[in-house]
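As stored in upload14.cif (mmCIF, C-alpha atoms):
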data_structure
#
loop_
_atom_site.group_PDB
_atom_site.id
_atom_site.type_symbol
_atom_site.label_atom_id
_atom_site.label_comp_id
_atom_site.auth_asym_id
_atom_site.auth_seq_id
_atom_site.Cartn_x
_atom_site.Cartn_y
_atom_site.Cartn_z
ATOM 1 C CA MET A 155 -0.752 -37.628 -24.973
ATOM 2 C CA LEU A 156 -3.018 -35.432 -22.873
ATOM 3 C CA ARG A 157 -0.029 -34.030 -20.987
ATOM 4 C CA GLY A 158 1.678 -33.064 -24.251
ATOM 5 C CA PHE A 159 -1.475 -31.348 -25.435
ATOM 6 C CA LEU A 160 -1.791 -29.407 -22.179
ATOM 7 C CA VAL A 161 1.846 -28.300 -22.390
ATOM 8 C CA PHE A 162 1.219 -27.148 -25.954
ATOM 9 C CA VAL A 163 -1.866 -25.177 -24.923
ATOM 10 C CA ALA A 164 0.020 -23.571 -22.016
ATOM 11 C CA ALA A 165 2.909 -22.605 -24.296
ATOM 12 C CA LEU A 166 0.509 -21.164 -26.847
ATOM 13 C CA ALA A 167 -1.253 -19.130 -24.163
ATOM 14 C CA ALA A 168 2.098 -17.848 -22.876
ATOM 15 C CA PHE A 169 3.054 -16.854 -26.408
ATOM 16 C CA PHE A 170 -0.099 -14.789 -26.853
ATOM 17 C CA VAL A 171 0.385 -13.057 -23.497
ATOM 18 C CA VAL A 172 4.002 -12.218 -24.361
ATOM 19 C CA VAL A 173 2.956 -10.863 -27.759
ATOM 20 C CA GLN A 174 0.271 -8.694 -26.164
ATOM 21 C CA LEU A 175 2.723 -7.436 -23.541
ATOM 22 C CA ALA A 176 5.291 -6.661 -26.222
ATOM 23 C CA ALA A 177 2.696 -4.635 -28.090
ATOM 24 C CA ALA A 178 1.711 -2.878 -24.869
ATOM 25 C CA ARG A 179 5.342 -2.060 -24.099
ATOM 26 C CA SER A 180 5.597 0.066 -27.203
ATOM 27 C CA SER A 181 2.121 1.567 -27.370
ATOM 28 C CA ALA A 182 0.514 1.872 -23.934
ATOM 29 C CA ASP A 183 1.143 2.449 -20.275
ATOM 30 C CA PHE A 184 0.295 0.099 -17.462
ATOM 31 C CA PRO A 185 -2.078 -1.066 -16.083
ATOM 32 C CA ILE A 186 -3.157 -3.090 -19.089
ATOM 33 C CA THR A 187 -6.044 -5.524 -19.413
ATOM 34 C CA ILE A 188 -5.647 -8.628 -21.553
ATOM 35 C CA LYS A 189 -8.684 -10.511 -22.736
ATOM 36 C CA ALA A 190 -8.085 -14.179 -21.955
ATOM 37 C CA ALA A 191 -10.291 -17.160 -22.723
ATOM 38 C CA ASN A 192 -11.328 -17.411 -19.062
ATOM 39 C CA GLY A 193 -11.895 -13.673 -18.540
ATOM 40 C CA ASP A 194 -10.022 -10.402 -18.419
ATOM 41 C CA VAL A 195 -6.613 -10.228 -16.724
ATOM 42 C CA THR A 196 -5.283 -6.866 -15.531
ATOM 43 C CA ILE A 197 -1.528 -6.433 -15.182
ATOM 44 C CA LYS A 198 -0.913 -3.482 -12.878
ATOM 45 C CA SER A 199 2.737 -2.778 -13.668
ATOM 46 C CA LYS A 200 5.289 -3.760 -16.291
ATOM 47 C CA PRO A 201 6.540 -7.295 -15.608
ATOM 48 C CA THR A 202 10.247 -7.455 -14.799
ATOM 49 C CA ARG A 203 10.653 -11.242 -14.608
ATOM 50 C CA ILE A 204 9.055 -14.160 -16.409
ATOM 51 C CA VAL A 205 8.935 -17.723 -15.109
ATOM 52 C CA SER A 206 8.841 -20.362 -17.829
ATOM 53 C CA ILE A 207 7.759 -23.900 -17.024
ATOM 54 C CA SER A 208 8.198 -25.462 -20.447
ATOM 55 C CA PRO A 209 11.005 -25.593 -23.002
ATOM 56 C CA THR A 210 8.651 -24.447 -25.752
ATOM 57 C CA ALA A 211 7.598 -21.364 -23.808
ATOM 58 C CA THR A 212 11.256 -20.625 -23.034
ATOM 59 C CA GLU A 213 12.163 -20.758 -26.725
ATOM 60 C CA THR A 214 9.214 -18.513 -27.579
ATOM 61 C CA LEU A 215 10.236 -15.958 -24.966
ATOM 62 C CA PHE A 216 13.760 -15.795 -26.366
ATOM 63 C CA ALA A 217 12.347 -15.530 -29.901
ATOM 64 C CA VAL A 218 10.307 -12.438 -29.011
ATOM 65 C CA GLY A 219 13.213 -10.782 -27.211
ATOM 66 C CA ALA A 220 12.191 -11.440 -23.619
ATOM 67 C CA GLY A 221 15.138 -13.699 -22.777
ATOM 68 C CA GLU A 222 16.732 -11.236 -20.356
ATOM 69 C CA GLN A 223 13.579 -11.228 -18.255
ATOM 70 C CA LEU A 224 13.493 -15.023 -17.988
ATOM 71 C CA VAL A 225 14.214 -16.709 -14.641
#
Could you write out this structure as structure tokens?
Amino acid sequence: MLRGFLVFVAALAAFFVVVQLAAARSSADFPITIKAANGDVTIKSKPTRIVSISPTATETLFAVGAGEQLV
């Protein structure tokens, strides 16, 4: 049960990062700083590949149009 919850939390976090990056793609240049629960994360250049470690995160990435970047 704990493992399922942790996978859910990781997928949810990945979703929010992808949504913020999608918004940044259309409105800002890089570097971009994302405010995460554990502190700020700065992404220096536009990501070209995304590694997904869960089926839920993979489905979310395809849903937001990032499927071509998925490895």
Skip Phe162 (chain A) itself and residues of its chain fewer than 5 positions away, then list as an MDAnalysis selection string all residues within 12 Å of it, counting all atoms listed in the file. chainID A and resid 155:157 167:169 207:211 214
Expressed in Å, the length from CA of Thr212 (chain A) to CA of Val225 (chain A) is 9.7 Å
Exercise: Gln223 (chain A) partners within 10 Å, all atoms listed in the file, chain neighbours under 3 positions left out, as a PyMOL selection string: chain A and resi 201-205+215-216+219-220
Quick one: distance from CA of Lys198 (chain A) to CA of Val161 (chain A) in Å, one decimal? 26.7 Å
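Distance check against Val171 (chain A) using only C-alpha atoms: of A:Ser199, A:Glu222, A:Ile188, A:Gly158, the minimum falls on A:Ile188.
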Carefully work through the PyMOL selection byres ((chain A and resi 190) around 12) for this structure and note down the residues it includes, as a PyMOL selection string. chain A and resi 167-168+170-171+174+187-189+191-196
Saved selection, atoms kept: C-alpha atoms, as a PDB file, keeping the file's coordinate frame:
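Here's the written file again_34.pdb:
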ATOM      1  CA  ALA A 167      -1.253 -19.130 -24.163  1.00  0.00           C
ATOM      2  CA  ALA A 168       2.098 -17.848 -22.876  1.00  0.00           C
ATOM      3  CA  PHE A 170      -0.099 -14.789 -26.853  1.00  0.00           C
ATOM      4  CA  VAL A 171       0.385 -13.057 -23.497  1.00  0.00           C
ATOM      5  CA  GLN A 174       0.271  -8.694 -26.164  1.00  0.00           C
ATOM      6  CA  THR A 187      -6.044  -5.524 -19.413  1.00  0.00           C
ATOM      7  CA  ILE A 188      -5.647  -8.628 -21.553  1.00  0.00           C
ATOM      8  CA  LYS A 189      -8.684 -10.511 -22.736  1.00  0.00           C
ATOM      9  CA  ALA A 191     -10.291 -17.160 -22.723  1.00  0.00           C
ATOM     10  CA  ASN A 192     -11.328 -17.411 -19.062  1.00  0.00           C
ATOM     11  CA  GLY A 193     -11.895 -13.673 -18.540  1.00  0.00           C
ATOM     12  CA  ASP A 194     -10.022 -10.402 -18.419  1.00  0.00           C
ATOM     13  CA  VAL A 195      -6.613 -10.228 -16.724  1.00  0.00           C
ATOM     14  CA  THR A 196      -5.283  -6.866 -15.531  1.00  0.00           C
TER      15      THR A 196
END
One decimal place gives the CA of Ile197 (chain A)-CA of Val172 (chain A) separation as 12.2 Å
Could you pull region 159-170 of chain A out of the block above and save it with all heavy atoms, as a short mmCIF file (atom, residue, chain, number, x, y, z; two decimals), in the first residue's frame?
data_model
loop_
_atom_site.label_atom_id
_atom_site.label_comp_id
_atom_site.auth_asym_id
_atom_site.auth_seq_id
_atom_site.Cartn_x
_atom_site.Cartn_y
_atom_site.Cartn_z
N PHE A 159 1.16 4.30 -2.90
CA PHE A 159 1.01 5.71 -2.55
C PHE A 159 2.21 6.51 -3.03
O PHE A 159 2.07 7.61 -3.58
CB PHE A 159 0.82 5.87 -1.04
CG PHE A 159 0.75 7.31 -0.61
CD1 PHE A 159 -0.39 8.06 -0.87
CD2 PHE A 159 1.80 7.91 0.05
CE1 PHE A 159 -0.46 9.39 -0.48
CE2 PHE A 159 1.74 9.23 0.44
CZ PHE A 159 0.60 9.97 0.17
N LEU A 160 3.42 5.95 -2.84
CA LEU A 160 4.62 6.66 -3.27
C LEU A 160 4.68 6.80 -4.79
O LEU A 160 5.10 7.84 -5.31
CB LEU A 160 5.87 5.94 -2.76
CG LEU A 160 6.07 5.99 -1.24
CD1 LEU A 160 7.27 5.14 -0.84
CD2 LEU A 160 6.25 7.42 -0.76
N VAL A 161 4.23 5.78 -5.51
CA VAL A 161 4.18 5.86 -6.97
C VAL A 161 3.19 6.95 -7.38
O VAL A 161 3.46 7.73 -8.30
CB VAL A 161 3.81 4.49 -7.59
CG1 VAL A 161 3.47 4.63 -9.06
CG2 VAL A 161 4.94 3.51 -7.38
N PHE A 162 2.06 7.00 -6.70
CA PHE A 162 1.06 8.03 -7.00
C PHE A 162 1.64 9.43 -6.76
O PHE A 162 1.47 10.33 -7.59
CB PHE A 162 -0.19 7.82 -6.15
CG PHE A 162 -1.17 8.94 -6.26
CD1 PHE A 162 -1.95 9.08 -7.39
CD2 PHE A 162 -1.31 9.87 -5.25
CE1 PHE A 162 -2.85 10.12 -7.52
CE2 PHE A 162 -2.20 10.91 -5.35
CZ PHE A 162 -2.98 11.04 -6.49
N VAL A 163 2.31 9.61 -5.65
CA VAL A 163 2.89 10.93 -5.34
C VAL A 163 3.96 11.30 -6.37
O VAL A 163 4.01 12.44 -6.83
CB VAL A 163 3.48 10.93 -3.91
CG1 VAL A 163 4.31 12.17 -3.66
CG2 VAL A 163 2.37 10.82 -2.88
N ALA A 164 4.79 10.33 -6.78
CA ALA A 164 5.81 10.61 -7.79
C ALA A 164 5.17 10.98 -9.13
O ALA A 164 5.62 11.90 -9.81
CB ALA A 164 6.72 9.39 -7.96
N ALA A 165 4.11 10.27 -9.50
CA ALA A 165 3.43 10.58 -10.76
C ALA A 165 2.79 11.96 -10.70
O ALA A 165 2.83 12.72 -11.67
CB ALA A 165 2.38 9.52 -11.06
N LEU A 166 2.21 12.29 -9.57
CA LEU A 166 1.59 13.60 -9.41
C LEU A 166 2.64 14.71 -9.49
O LEU A 166 2.43 15.73 -10.16
CB LEU A 166 0.84 13.67 -8.08
CG LEU A 166 -0.03 14.87 -7.83
CD1 LEU A 166 -1.12 14.97 -8.89
CD2 LEU A 166 -0.65 14.79 -6.45
N ALA A 167 3.78 14.49 -8.86
CA ALA A 167 4.86 15.48 -8.93
C ALA A 167 5.35 15.64 -10.36
O ALA A 167 5.58 16.76 -10.82
CB ALA A 167 6.00 15.07 -8.00
N ALA A 168 5.51 14.53 -11.08
CA ALA A 168 5.94 14.59 -12.48
C ALA A 168 4.93 15.35 -13.32
O ALA A 168 5.30 16.13 -14.19
CB ALA A 168 6.13 13.18 -13.02
N PHE A 169 3.65 15.13 -13.05
CA PHE A 169 2.61 15.85 -13.79
C PHE A 169 2.75 17.35 -13.60
O PHE A 169 2.69 18.11 -14.56
CB PHE A 169 1.23 15.37 -13.33
CG PHE A 169 0.11 16.19 -13.90
CD1 PHE A 169 -0.28 16.01 -15.22
CD2 PHE A 169 -0.54 17.13 -13.13
CE1 PHE A 169 -1.30 16.77 -15.76
CE2 PHE A 169 -1.57 17.88 -13.66
CZ PHE A 169 -1.95 17.71 -14.97
N PHE A 170 2.94 17.79 -12.36
CA PHE A 170 3.05 19.22 -12.11
C PHE A 170 4.29 19.82 -12.76
O PHE A 170 4.25 20.93 -13.27
CB PHE A 170 3.01 19.52 -10.61
CG PHE A 170 1.64 19.42 -10.03
CD1 PHE A 170 1.35 18.49 -9.05
CD2 PHE A 170 0.62 20.24 -10.47
CE1 PHE A 170 0.08 18.39 -8.53
CE2 PHE A 170 -0.67 20.15 -9.96
CZ PHE A 170 -0.93 19.22 -8.98
#
